[in-house]
>>> print(open('start-v7.cif').read())   # mmCIF, C-alpha atoms and all ligand atoms
data_data
loop_
_atom_site.label_atom_id
_atom_site.label_comp_id
_atom_site.auth_asym_id
_atom_site.auth_seq_id
_atom_site.Cartn_x
_atom_site.Cartn_y
_atom_site.Cartn_z
CA MET O 108 -33.60 -1.47 78.79
CA THR O 109 -32.49 -5.05 79.23
CA LEU O 110 -32.98 -7.48 76.38
CA THR O 111 -33.75 -11.07 77.19
CA LEU O 112 -33.34 -13.78 74.59
CA MET O 113 -36.16 -16.31 74.79
CA THR O 114 -35.10 -19.90 74.37
CA ASN O 115 -38.33 -21.71 75.07
CA ARG O 116 -41.78 -20.77 73.78
CA GLY O 117 -42.83 -18.11 71.35
CA ASP O 118 -40.85 -16.61 68.52
CA MET O 119 -37.45 -18.18 68.90
CA THR O 120 -35.61 -15.68 66.77
CA ALA O 121 -36.74 -12.29 68.06
CA PRO O 122 -35.28 -11.05 71.33
CA ARG O 123 -38.03 -9.93 73.67
CA ARG O 124 -38.00 -6.89 75.85
CA SER O 125 -37.99 -7.28 79.59
CA ALA O 126 -41.31 -6.59 81.30
CA ILE O 127 -39.89 -6.96 84.80
CA THR O 128 -36.30 -6.72 85.99
CA VAL O 129 -35.34 -6.96 89.64
CA ARG O 130 -31.82 -6.45 90.95
CA GLY O 131 -30.64 -6.91 94.53
CA LEU O 132 -34.09 -6.66 96.10
CA ARG O 133 -34.08 -6.77 99.89
CA LYS O 134 -36.80 -6.59 102.49
CA ALA O 135 -36.81 -7.19 106.23
CA PHE O 136 -39.64 -6.94 108.72
CA GLY O 137 -37.84 -5.99 111.94
CA GLU O 138 -35.15 -8.61 112.51
CA GLN O 139 -36.62 -11.02 109.98
CA VAL O 140 -35.04 -10.93 106.52
CA VAL O 141 -37.89 -11.81 104.16
CA LEU O 142 -36.17 -11.16 100.82
CA ALA O 143 -32.40 -11.38 100.51
CA ASP O 144 -30.83 -10.08 97.32
CA LEU O 145 -33.49 -11.15 94.84
CA ASN O 146 -32.76 -10.96 91.08
CA LEU O 147 -35.41 -11.65 88.45
CA ASP O 148 -35.99 -11.12 84.73
CA VAL O 149 -39.36 -11.60 83.09
CA ALA O 150 -39.64 -11.19 79.31
CA GLU O 151 -42.60 -9.37 77.83
CA GLY O 152 -45.54 -11.54 76.82
CA THR O 153 -44.48 -14.54 78.92
CA ILE O 154 -45.70 -16.23 82.10
CA PHE O 155 -43.29 -16.26 84.99
CA SER O 156 -44.13 -18.34 88.03
CA LEU O 157 -42.74 -17.87 91.51
CA LEU O 158 -42.98 -20.99 93.63
CA GLY O 159 -42.13 -21.46 97.26
CA PRO O 160 -43.40 -22.85 100.55
CA ASN O 161 -45.63 -20.84 102.91
CA GLY O 162 -43.74 -17.84 104.23
CA ALA O 163 -41.07 -17.96 101.47
CA GLY O 164 -41.71 -14.33 100.53
CA LYS O 165 -43.91 -14.65 97.41
CA THR O 166 -46.64 -12.24 98.48
CA THR O 167 -44.04 -9.79 99.78
CA THR O 168 -42.36 -9.88 96.34
CA VAL O 169 -45.68 -9.25 94.59
CA GLU O 170 -46.49 -6.41 97.00
CA ILE O 171 -43.14 -4.73 96.42
CA LEU O 172 -43.26 -5.11 92.63
CA SER O 173 -46.79 -3.72 92.57
CA THR O 174 -45.77 -0.66 94.65
CA LEU O 175 -47.89 -1.63 97.68
CA VAL O 176 -44.91 -2.16 99.99
CA ALA O 177 -41.55 -0.36 99.90
CA ALA O 178 -38.34 -2.39 99.53
CA ASP O 179 -35.29 -1.76 101.74
CA ALA O 180 -32.91 -1.95 98.78
CA GLY O 181 -32.73 -2.96 95.14
CA GLU O 182 -33.71 -1.80 91.68
CA VAL O 183 -36.96 -2.68 89.97
CA HIS O 184 -38.06 -1.83 86.44
CA ILE O 185 -41.55 -2.67 85.25
CA ALA O 186 -42.75 -2.04 81.70
CA GLY O 187 -39.75 0.25 81.27
CA HIS O 188 -40.45 2.37 84.37
CA ASP O 189 -38.21 2.68 87.40
CA LEU O 190 -40.30 1.67 90.40
CA ALA O 191 -38.46 3.91 92.86
CA ARG O 192 -38.44 7.04 90.63
CA ASP O 193 -41.75 6.68 88.88
CA PRO O 194 -44.17 4.50 90.87
CA GLY O 195 -47.15 6.25 89.22
CA SER O 196 -46.20 4.99 85.75
CA VAL O 197 -45.58 1.52 87.14
CA ARG O 198 -49.03 1.57 88.75
CA ARG O 199 -50.63 2.59 85.46
CA SER O 200 -48.96 -0.32 83.64
CA ILE O 201 -49.88 -3.11 86.03
CA GLY O 202 -52.81 -5.00 87.45
CA VAL O 203 -52.78 -7.00 90.66
CA THR O 204 -54.98 -9.85 91.80
CA GLY O 205 -53.90 -10.38 95.39
CA GLN O 206 -53.82 -13.59 97.39
CA PHE O 207 -56.87 -12.30 99.24
CA SER O 208 -59.78 -11.04 97.21
CA ALA O 209 -60.25 -7.33 96.46
CA VAL O 210 -63.93 -7.93 95.70
CA ASP O 211 -66.36 -5.90 97.83
CA GLY O 212 -68.91 -8.47 98.94
CA LEU O 213 -71.61 -5.87 99.57
CA LEU O 214 -71.57 -4.64 95.96
CA THR O 215 -72.79 -6.56 92.91
CA GLY O 216 -70.27 -7.88 90.39
CA GLU O 217 -71.20 -5.09 88.02
CA GLU O 218 -70.83 -2.41 90.72
CA ASN O 219 -67.40 -3.78 91.66
CA LEU O 220 -66.31 -3.51 88.03
CA LEU O 221 -67.78 -0.03 87.53
CA LEU O 222 -66.00 1.15 90.68
CA MET O 223 -62.73 -0.16 89.22
CA ALA O 224 -63.46 1.68 85.94
CA GLU O 225 -63.88 4.90 87.92
CA LEU O 226 -60.63 4.28 89.80
CA CYS O 227 -58.92 3.76 86.43
CA HIS O 228 -60.28 7.17 85.28
CA LEU O 229 -62.31 5.73 82.39
CA SER O 230 -65.10 7.98 81.15
CA PRO O 231 -68.59 6.72 82.13
CA ALA O 232 -69.24 5.55 78.55
CA ASP O 233 -65.85 3.81 78.19
CA GLY O 234 -66.24 2.32 81.67
CA ARG O 235 -69.69 0.92 80.82
CA ARG O 236 -68.38 -0.60 77.57
CA ARG O 237 -65.35 -2.14 79.29
CA VAL O 238 -67.44 -3.58 82.14
CA ASP O 239 -69.95 -5.19 79.76
CA GLU O 240 -67.13 -6.68 77.73
CA LEU O 241 -65.51 -8.15 80.85
CA LEU O 242 -68.79 -9.50 82.27
CA GLU O 243 -69.29 -11.30 78.98
CA ARG O 244 -65.74 -12.55 78.64
CA PHE O 245 -65.58 -13.89 82.21
CA ASP O 246 -68.97 -15.55 82.03
CA LEU O 247 -70.28 -13.22 84.72
CA THR O 248 -73.30 -11.74 82.96
CA GLU O 249 -75.83 -13.88 84.81
CA HIS O 250 -74.20 -12.95 88.14
CA ALA O 251 -73.80 -9.25 87.32
CA LYS O 252 -76.74 -7.98 89.41
CA LYS O 253 -76.15 -10.19 92.45
CA VAL O 254 -74.07 -9.07 95.43
CA ALA O 255 -70.61 -10.62 95.28
CA ALA O 256 -70.85 -12.08 98.81
CA THR O 257 -73.29 -14.67 97.37
CA TYR O 258 -70.84 -15.82 94.65
CA SER O 259 -69.07 -19.18 94.81
CA GLY O 260 -65.31 -19.06 95.34
CA GLY O 261 -64.60 -19.67 91.64
CA THR O 262 -66.98 -16.93 90.48
CA GLN O 263 -65.50 -14.49 92.99
CA ARG O 264 -62.00 -15.31 91.71
CA ARG O 265 -63.15 -14.65 88.12
CA LEU O 266 -64.63 -11.31 89.17
CA ASP O 267 -61.40 -10.50 91.00
CA LEU O 268 -59.37 -11.08 87.83
CA ALA O 269 -61.91 -9.21 85.69
CA MET O 270 -61.49 -6.20 88.03
CA THR O 271 -57.72 -6.40 87.52
CA LEU O 272 -58.25 -6.18 83.76
CA VAL O 273 -60.48 -3.08 83.73
CA GLY O 274 -57.48 -0.78 83.18
CA ASP O 275 -56.05 -3.07 80.44
CA PRO O 276 -52.68 -3.56 82.17
CA ARG O 277 -49.57 -4.73 80.29
CA VAL O 278 -48.20 -6.61 83.30
CA ILE O 279 -50.40 -8.60 85.66
CA PHE O 280 -49.49 -9.98 89.07
CA LEU O 281 -51.54 -12.96 90.17
CA ASP O 282 -50.91 -14.14 93.73
CA GLU O 283 -52.27 -17.70 93.98
CA PRO O 284 -55.10 -17.08 91.51
CA THR O 285 -56.49 -20.63 91.64
CA THR O 286 -56.14 -21.54 95.31
CA GLY O 287 -59.38 -23.15 96.43
CA LEU O 288 -60.79 -23.61 92.92
CA ASP O 289 -62.09 -26.98 91.72
CA PRO O 290 -60.26 -28.61 88.77
CA ARG O 291 -62.74 -27.31 86.19
CA SER O 292 -62.64 -23.70 87.45
CA ARG O 293 -58.86 -23.95 87.66
CA ARG O 294 -58.65 -25.00 84.02
CA ALA O 295 -61.02 -22.19 83.03
CA MET O 296 -58.68 -19.74 84.81
CA TRP O 297 -55.67 -21.24 82.99
CA GLU O 298 -57.43 -20.66 79.68
CA ILE O 299 -58.06 -17.00 80.58
CA ILE O 300 -54.39 -16.60 81.56
CA ARG O 301 -53.23 -18.21 78.29
CA GLU O 302 -55.48 -15.88 76.29
CA LEU O 303 -54.07 -12.85 78.08
CA VAL O 304 -50.52 -13.90 77.28
CA ALA O 305 -51.42 -14.64 73.66
CA GLY O 306 -52.56 -11.01 73.51
CA GLY O 307 -49.11 -9.84 74.65
CA THR O 308 -49.73 -9.39 78.39
CA THR O 309 -47.00 -10.43 80.81
CA ILE O 310 -48.05 -12.56 83.78
CA PHE O 311 -46.23 -12.84 87.10
CA LEU O 312 -47.88 -15.71 88.93
CA THR O 313 -47.39 -17.30 92.31
CA THR O 314 -48.88 -20.68 93.00
CA GLN O 315 -48.82 -23.62 95.38
CA TYR O 316 -49.92 -25.93 92.57
CA LEU O 317 -46.83 -27.16 90.84
CA GLU O 318 -48.86 -28.63 88.01
CA GLU O 319 -50.12 -25.10 87.38
CA ALA O 320 -46.59 -23.77 86.97
CA ASP O 321 -45.74 -26.78 84.81
CA GLN O 322 -48.78 -26.13 82.59
CA LEU O 323 -48.51 -22.37 82.29
CA ALA O 324 -45.11 -20.93 83.01
CA ASP O 325 -42.42 -20.16 80.46
CA ARG O 326 -40.00 -19.80 83.35
CA ILE O 327 -40.19 -20.78 86.99
CA ALA O 328 -38.26 -19.54 90.00
CA VAL O 329 -38.24 -21.34 93.32
CA LEU O 330 -38.06 -19.09 96.37
CA ASP O 331 -37.11 -20.45 99.77
CA GLN O 332 -36.71 -18.27 102.84
CA GLY O 333 -36.32 -15.15 100.72
CA ARG O 334 -33.66 -16.58 98.39
CA LEU O 335 -33.98 -17.97 94.89
CA VAL O 336 -32.83 -21.56 95.04
CA ALA O 337 -33.49 -22.39 91.36
CA GLU O 338 -34.66 -20.81 88.13
CA GLY O 339 -35.39 -22.15 84.67
CA THR O 340 -38.00 -23.81 82.50
CA ALA O 341 -39.98 -26.65 84.07
CA GLU O 342 -37.87 -29.11 82.05
CA GLU O 343 -34.60 -27.56 83.19
CA LEU O 344 -35.69 -27.72 86.82
CA LYS O 345 -36.76 -31.34 86.52
CA ARG O 346 -33.42 -32.25 84.95
CA ARG O 347 -31.57 -30.71 87.90
CA ILE O 348 -32.69 -33.29 90.38
CA PRO O 349 -32.14 -37.00 90.40
CA GLY O 350 -35.11 -39.22 91.05
CA GLY O 351 -35.88 -40.82 87.70
CA HIS O 352 -36.14 -44.54 88.34
CA ILE O 353 -37.65 -47.79 87.13
CA ARG O 354 -39.68 -49.63 89.72
CA LEU O 355 -40.00 -53.39 89.40
CA GLU O 356 -42.30 -55.57 91.43
CA PHE O 357 -41.93 -59.33 91.67
CA THR O 358 -44.26 -62.14 92.67
CA ASP O 359 -41.88 -63.83 95.11
CA GLU O 360 -38.89 -63.25 97.34
CA ARG O 361 -36.59 -65.46 95.26
CA ASP O 362 -37.00 -63.39 92.06
CA LEU O 363 -36.68 -60.18 94.05
CA THR O 364 -33.39 -61.23 95.63
CA ALA O 365 -31.99 -62.47 92.33
CA ALA O 366 -33.00 -59.27 90.53
CA ALA O 367 -31.61 -57.09 93.31
CA ARG O 368 -28.23 -58.83 93.02
CA LEU O 369 -28.25 -58.71 89.23
CA LEU O 370 -29.17 -55.02 89.01
CA ASP O 371 -27.22 -53.97 92.10
CA ALA O 372 -30.33 -52.36 93.62
CA SER O 373 -31.75 -52.50 97.14
CA PRO O 374 -35.29 -53.82 97.65
CA GLU O 375 -37.85 -51.41 99.10
CA PRO O 376 -38.65 -52.26 102.72
CA ASP O 377 -41.77 -54.42 103.30
CA SER O 378 -42.49 -55.03 99.64
CA LEU O 379 -41.45 -57.23 96.75
CA ALA O 380 -40.28 -54.19 94.77
CA LEU O 381 -37.01 -52.52 93.91
CA GLN O 382 -36.02 -49.27 92.26
CA VAL O 383 -33.31 -48.96 89.65
CA PRO O 384 -31.96 -45.48 88.85
CA GLY O 385 -32.66 -44.15 85.33
CA SER O 386 -35.84 -43.55 83.39
CA GLY O 387 -34.84 -43.36 79.72
CA VAL O 388 -35.49 -45.92 76.99
CA ARG O 389 -31.89 -47.14 77.08
CA ALA O 390 -31.95 -47.73 80.86
CA LEU O 391 -35.27 -49.53 80.55
CA ARG O 392 -34.01 -51.81 77.77
CA ALA O 393 -30.82 -52.62 79.70
CA VAL O 394 -32.78 -53.58 82.82
CA LEU O 395 -35.19 -55.80 80.92
CA ASP O 396 -32.40 -57.46 78.90
CA ARG O 397 -30.49 -58.37 82.04
CA LEU O 398 -33.57 -59.82 83.73
CA ASP O 399 -34.43 -61.71 80.55
CA GLN O 400 -30.99 -63.29 80.38
CA GLU O 401 -31.55 -64.75 83.85
CA GLY O 402 -35.13 -65.74 83.10
CA ILE O 403 -36.60 -63.36 85.68
CA GLU O 404 -39.93 -61.78 84.86
CA PRO O 405 -41.16 -58.81 86.94
CA GLU O 406 -44.88 -58.77 87.71
CA THR O 407 -45.23 -55.02 87.19
CA LEU O 408 -42.97 -52.29 85.91
CA SER O 409 -43.38 -48.52 86.18
CA VAL O 410 -41.17 -45.67 85.10
CA HIS O 411 -40.97 -42.64 87.37
CA THR O 412 -39.67 -39.38 85.90
CA PRO O 413 -39.10 -36.48 88.29
CA ASP O 414 -41.93 -33.95 88.36
CA LEU O 415 -42.04 -30.44 89.79
CA ASP O 416 -43.21 -31.85 93.13
CA ASP O 417 -39.87 -33.67 93.39
CA VAL O 418 -38.05 -30.45 92.47
CA PHE O 419 -39.98 -28.49 95.08
CA LEU O 420 -39.39 -31.05 97.82
CA ALA O 421 -35.69 -31.38 96.98
CA LEU O 422 -35.00 -27.64 96.81
CA THR O 423 -37.07 -26.12 99.60
CA SER O 424 -36.58 -26.58 103.30
CA ARG O 425 -38.75 -28.65 105.58
CA PRO O 426 -40.81 -26.94 108.29
CA GLY O 427 -38.68 -26.82 111.42
CA ALA O 428 -35.45 -26.68 109.39
CA GLU O 429 -35.96 -22.92 109.28
CA LYS O 430 -34.63 -22.25 112.75
CA LYS O 431 -31.54 -24.37 112.20
CA GLN O 432 -30.74 -22.58 108.94
CA GLU O 433 -31.31 -19.21 110.59
CA ALA O 434 -28.85 -20.16 113.33
CA ALA O 435 -26.28 -21.35 110.79
CA ARG O 436 -26.36 -18.12 108.84
N1 LIG O 501 -46.35 -6.82 107.27
C1 LIG O 501 -45.58 -7.78 107.78
N2 LIG O 501 -45.01 -7.64 109.00
C2 LIG O 501 -44.19 -8.60 109.51
N3 LIG O 501 -43.89 -9.74 108.88
C3 LIG O 501 -44.43 -9.95 107.68
C4 LIG O 501 -45.30 -8.99 107.05
N4 LIG O 501 -45.67 -9.46 105.84
C5 LIG O 501 -45.07 -10.68 105.71
N5 LIG O 501 -44.32 -10.96 106.80
C6 LIG O 501 -43.50 -12.18 106.98
O1 LIG O 501 -42.71 -12.35 105.85
C7 LIG O 501 -42.57 -13.73 105.53
C8 LIG O 501 -42.97 -13.94 104.08
O2 LIG O 501 -44.36 -13.73 103.96
P1 LIG O 501 -45.13 -13.82 102.57
O3 LIG O 501 -46.55 -13.50 102.84
O4 LIG O 501 -44.41 -13.00 101.56
O5 LIG O 501 -44.96 -15.37 102.22
P2 LIG O 501 -45.63 -16.21 101.05
O6 LIG O 501 -44.50 -16.87 100.33
O7 LIG O 501 -46.57 -15.38 100.27
O8 LIG O 501 -46.43 -17.34 101.87
P3 LIG O 501 -47.84 -18.07 101.55
O9 LIG O 501 -47.51 -19.21 100.66
O10 LIG O 501 -48.26 -18.57 102.90
O11 LIG O 501 -48.79 -17.09 100.98
C9 LIG O 501 -43.43 -14.49 106.53
O12 LIG O 501 -42.59 -14.99 107.52
C10 LIG O 501 -44.36 -13.43 107.06
O13 LIG O 501 -44.74 -13.73 108.37
MG MG O 502 -48.60 -15.46 99.89
#
>>> encode(input="start-v7.cif", output="structure tokens")
Amino acid sequence: MTLTLMTNRGDMTAPRRSAITVRGLRKAFGEQVVLADLNLDVAEGTIFSLLGPNGAGKTTTVEILSTLVAADAGEVHIAGHDLARDPGSVRRSIGVTGQFSAVDGLLTGEENLLLMAELCHLSPADGRRRVDELLERFDLTEHAKKVAATYSGGTQRRLDLAMTLVGDPRVIFLDEPTTGLDPRSRRAMWEIIRELVAGGTTIFLTTQYLEEADQLADRIAVLDQGRLVAEGTAEELKRRIPGGHIRLEFTDERDLTAAARLLDASPEPDSLALQVPGSGVRALRAVLDRLDQEGIEPETLSVHTPDLDDVFLALTSRPGAEKKQEAAR
């Protein structure tokens, strides 16, 4: 089993076991290569987030790792089990909340959960106990006897995740768990995810919300057209791209021109503003000192540090670029 040394959150001294390792994973649908030589390591009890534009291959990755779709090549180990040799053990160790809900709209929330308990081979008494516990924990008790089709999107998503937890999985795959949720429901889902991880569960999460990855993930990988284009903590990814700058706005053209010359920066088109590279305290002090020496006072000043949106936009391809890249390959 592979050992991964954690350098970010959690116990800094103890090496953690790997919950998921992926080596050389490949998948094509016909001519289209959807995953090309994917390698991943996810340490036990951490949150790993896979980011990428639409069509990057996130759902395909989740489907392969959760044994729903067969890979063309590669080695996958989950919770210590070899996915190719022992898919049954992998299945017993994992839970999956897919991008599209597994909730049966014609059944009540309670019936959906009891059905899951049966599928997980819990005895009727254990199943009943587990379902009541989950209804309570996910704030679903008042909805328990209503058919799921009448639930709001957020409630349905909570039920979906509750169903995933019936079998008490060690590793959970969440494919865009908060898409379509309002900010409050999203935060409630984040809290649930944090609690699960605090209890030792490993979470493999895909999301289109970069703030979500920033908030939750111990490590983030960016997937673009089936290839990993970056991997690291949110801070490491942000450090990789330039884009930190100080933006200064002036009241008149004369100050703007003087400041632009002094700071060797180009004014933004159609505004009285300019951007100076750098976002640290030292850069800020240097800029203000120079302006001060010349008696120039900016009207407003803002500091822009790169966020994950900048990382995403810098690292992933634009729509339409796909064809060109395909041709160049
Ligand atoms: N069963 C399939 N048959 C053929 N092509 C498929 C199949 N499943 C996925 N694909 C293709 O594989 C590529 C990756 O799809 P996938 O659903 O993994 O992307 P994704 O990153 O999850 O996108 P999204 O953000 O839109 O959910 C897409 O081009 C998709 O059309
Ligand atoms: Mg998807």
>>> residues_near_ligand(input="start-v7.cif", ligand="ligand LIG 501 (chain O)", cutoff="10 Å", atoms="only C-alpha atoms and all ligand atoms", output="number ranges by chain")
O: 134-142, 157-171, 176, 206-207, 282-283, 313-315, 330-333
>>> closest_residue(input="start-v7.cif", among="O:Leu281, O:Ile300, O:Leu422, O:Ile127", to="ligand MG 502 (chain O)", atoms="all atoms listed in the file")
O:Leu281
>>> atom_distance(input="start-v7.cif", atom1="atom CA of O:His228", atom2="atom CA of O:Ala305")
26.3 Å
>>> closest_residue(input="start-v7.cif", among="O:Ile348, O:Thr204, O:Thr153, O:Asp239", to="ligand MG 502 (chain O)", atoms="only C-alpha atoms and all ligand atoms")
O:Thr204
>>> atom_distance(input="start-v7.cif", atom1="atom CA of O:Val383", atom2="atom CA of O:Asp416")
20.1 Å
>>> residues_around(input="start-v7.cif", residues="O:Glu182", least_positions_apart="4", cutoff="10 Å", atoms="only C-alpha atoms", output="NGL selection string")
:O and (128-133 or 145-146 or 178 or 189-191)
>>> residues_around(input="start-v7.cif", residues="O:Thr364", least_positions_apart="4", cutoff="8 Å", atoms="only C-alpha atoms", output="list in words")
Glu360, Arg368 and Pro374 of chain O
>>> write_last_selection(input="start-v7.cif", atoms="C-alpha atoms", output="short mmCIF file (atom, residue, chain, number, x, y, z; two decimals), keeping the file's coordinate frame")
data_model
loop_
_atom_site.label_atom_id
_atom_site.label_comp_id
_atom_site.auth_asym_id
_atom_site.auth_seq_id
_atom_site.Cartn_x
_atom_site.Cartn_y
_atom_site.Cartn_z
CA GLU O 360 -38.89 -63.25 97.34
CA ARG O 368 -28.23 -58.83 93.02
CA PRO O 374 -35.29 -53.82 97.65
#
>>> closest_residue(input="start-v7.cif", among="O:Ile299, O:Ala150, O:Ala255, O:Ile310", to="O:Leu213", atoms="only C-alpha atoms")
O:Ala255
>>> residues_around(input="start-v7.cif", residues="O:Thr340", least_positions_apart="3", cutoff="7 Å", atoms="all atoms listed in the file", output="count of residues only")
5
>>> closest_residue(input="start-v7.cif", among="O:Val149, O:Ala143, O:Ile201, O:Ile154", to="O:Asp179", atoms="all atoms listed in the file")
O:Ala143
>>> residues_around(input="start-v7.cif", residues="stretch 192-198 of chain O", least_positions_apart="5", cutoff="9 Å", atoms="all atoms listed in the file", output="list in words")
Leu172, Ser173, Thr174, His184, Ile185, Ala186 and Gly187 of chain O
>>> closest_residue(input="start-v7.cif", among="O:Ala337, O:Val388, O:Val183, O:Leu323", to="O:Ala421", atoms="all atoms listed in the file")
O:Ala337
>>> build_atoms(input="start-v7.cif", residues="stretch 238-263 of chain O", atoms="N, CA and C atoms", output="PDB file, in the frame of the given file")
ATOM      1  N   VAL O 238     -66.834  -2.690  81.143  1.00  0.00           N
ATOM      2  CA  VAL O 238     -67.440  -3.580  82.140  1.00  0.00           C
ATOM      3  C   VAL O 238     -68.313  -4.633  81.451  1.00  0.00           C
ATOM      4  N   ASP O 239     -69.103  -4.224  80.474  1.00  0.00           N
ATOM      5  CA  ASP O 239     -69.950  -5.190  79.760  1.00  0.00           C
ATOM      6  C   ASP O 239     -69.115  -6.241  79.051  1.00  0.00           C
ATOM      7  N   GLU O 240     -68.024  -5.781  78.450  1.00  0.00           N
ATOM      8  CA  GLU O 240     -67.130  -6.680  77.730  1.00  0.00           C
ATOM      9  C   GLU O 240     -66.524  -7.720  78.705  1.00  0.00           C
ATOM     10  N   LEU O 241     -66.130  -7.241  79.883  1.00  0.00           N
ATOM     11  CA  LEU O 241     -65.510  -8.150  80.850  1.00  0.00           C
ATOM     12  C   LEU O 241     -66.523  -9.109  81.471  1.00  0.00           C
ATOM     13  N   LEU O 242     -67.739  -8.615  81.720  1.00  0.00           N
ATOM     14  CA  LEU O 242     -68.790  -9.500  82.270  1.00  0.00           C
ATOM     15  C   LEU O 242     -69.029 -10.650  81.297  1.00  0.00           C
ATOM     16  N   GLU O 243     -69.068 -10.310  80.020  1.00  0.00           N
ATOM     17  CA  GLU O 243     -69.290 -11.300  78.980  1.00  0.00           C
ATOM     18  C   GLU O 243     -68.121 -12.286  78.908  1.00  0.00           C
ATOM     19  N   ARG O 244     -66.930 -11.738  78.837  1.00  0.00           N
ATOM     20  CA  ARG O 244     -65.740 -12.550  78.640  1.00  0.00           C
ATOM     21  C   ARG O 244     -65.492 -13.509  79.816  1.00  0.00           C
ATOM     22  N   PHE O 245     -65.841 -13.067  81.027  1.00  0.00           N
ATOM     23  CA  PHE O 245     -65.580 -13.890  82.210  1.00  0.00           C
ATOM     24  C   PHE O 245     -66.819 -14.666  82.650  1.00  0.00           C
ATOM     25  N   ASP O 246     -67.805 -14.722  81.740  1.00  0.00           N
ATOM     26  CA  ASP O 246     -68.970 -15.550  82.030  1.00  0.00           C
ATOM     27  C   ASP O 246     -69.668 -15.089  83.308  1.00  0.00           C
ATOM     28  N   LEU O 247     -69.734 -13.776  83.482  1.00  0.00           N
ATOM     29  CA  LEU O 247     -70.280 -13.220  84.720  1.00  0.00           C
ATOM     30  C   LEU O 247     -71.625 -12.527  84.506  1.00  0.00           C
ATOM     31  N   THR O 248     -72.092 -12.511  83.263  1.00  0.00           N
ATOM     32  CA  THR O 248     -73.300 -11.740  82.960  1.00  0.00           C
ATOM     33  C   THR O 248     -74.483 -12.150  83.844  1.00  0.00           C
ATOM     34  N   GLU O 249     -74.668 -13.448  84.016  1.00  0.00           N
ATOM     35  CA  GLU O 249     -75.830 -13.880  84.810  1.00  0.00           C
ATOM     36  C   GLU O 249     -75.663 -13.551  86.299  1.00  0.00           C
ATOM     37  N   HIS O 250     -74.437 -13.291  86.733  1.00  0.00           N
ATOM     38  CA  HIS O 250     -74.200 -12.950  88.140  1.00  0.00           C
ATOM     39  C   HIS O 250     -74.111 -11.443  88.364  1.00  0.00           C
ATOM     40  N   ALA O 251     -74.164 -10.671  87.256  1.00  0.00           N
ATOM     41  CA  ALA O 251     -73.800  -9.250  87.320  1.00  0.00           C
ATOM     42  C   ALA O 251     -74.590  -8.460  88.362  1.00  0.00           C
ATOM     43  N   LYS O 252     -75.881  -8.793  88.532  1.00  0.00           N
ATOM     44  CA  LYS O 252     -76.740  -7.980  89.410  1.00  0.00           C
ATOM     45  C   LYS O 252     -76.855  -8.554  90.822  1.00  0.00           C
ATOM     46  N   LYS O 253     -76.086  -9.619  91.103  1.00  0.00           N
ATOM     47  CA  LYS O 253     -76.150 -10.190  92.450  1.00  0.00           C
ATOM     48  C   LYS O 253     -74.978  -9.684  93.283  1.00  0.00           C
ATOM     49  N   VAL O 254     -75.196  -9.541  94.610  1.00  0.00           N
ATOM     50  CA  VAL O 254     -74.070  -9.070  95.430  1.00  0.00           C
ATOM     51  C   VAL O 254     -72.998 -10.162  95.481  1.00  0.00           C
ATOM     52  N   ALA O 255     -71.731  -9.708  95.440  1.00  0.00           N
ATOM     53  CA  ALA O 255     -70.610 -10.620  95.280  1.00  0.00           C
ATOM     54  C   ALA O 255     -70.467 -11.595  96.448  1.00  0.00           C
ATOM     55  N   ALA O 256     -70.964 -11.199  97.638  1.00  0.00           N
ATOM     56  CA  ALA O 256     -70.850 -12.080  98.810  1.00  0.00           C
ATOM     57  C   ALA O 256     -71.571 -13.414  98.566  1.00  0.00           C
ATOM     58  N   THR O 257     -72.538 -13.428  97.625  1.00  0.00           N
ATOM     59  CA  THR O 257     -73.290 -14.670  97.370  1.00  0.00           C
ATOM     60  C   THR O 257     -72.619 -15.533  96.308  1.00  0.00           C
ATOM     61  N   TYR O 258     -71.519 -15.058  95.721  1.00  0.00           N
ATOM     62  CA  TYR O 258     -70.840 -15.820  94.650  1.00  0.00           C
ATOM     63  C   TYR O 258     -70.110 -17.028  95.237  1.00  0.00           C
ATOM     64  N   SER O 259     -69.945 -18.064  94.417  1.00  0.00           N
ATOM     65  CA  SER O 259     -69.070 -19.180  94.810  1.00  0.00           C
ATOM     66  C   SER O 259     -67.620 -18.691  94.725  1.00  0.00           C
ATOM     67  N   GLY O 260     -66.721 -19.441  95.335  1.00  0.00           N
ATOM     68  CA  GLY O 260     -65.310 -19.060  95.340  1.00  0.00           C
ATOM     69  C   GLY O 260     -64.758 -18.846  93.936  1.00  0.00           C
ATOM     70  N   GLY O 261     -65.106 -19.751  93.014  1.00  0.00           N
ATOM     71  CA  GLY O 261     -64.600 -19.670  91.640  1.00  0.00           C
ATOM     72  C   GLY O 261     -65.100 -18.430  90.934  1.00  0.00           C
ATOM     73  N   THR O 262     -66.392 -18.113  91.130  1.00  0.00           N
ATOM     74  CA  THR O 262     -66.980 -16.930  90.480  1.00  0.00           C
ATOM     75  C   THR O 262     -66.349 -15.663  91.050  1.00  0.00           C
ATOM     76  N   GLN O 263     -66.131 -15.661  92.375  1.00  0.00           N
ATOM     77  CA  GLN O 263     -65.500 -14.490  92.990  1.00  0.00           C
ATOM     78  C   GLN O 263     -64.094 -14.270  92.448  1.00  0.00           C
TER      79      GLN O 263
END
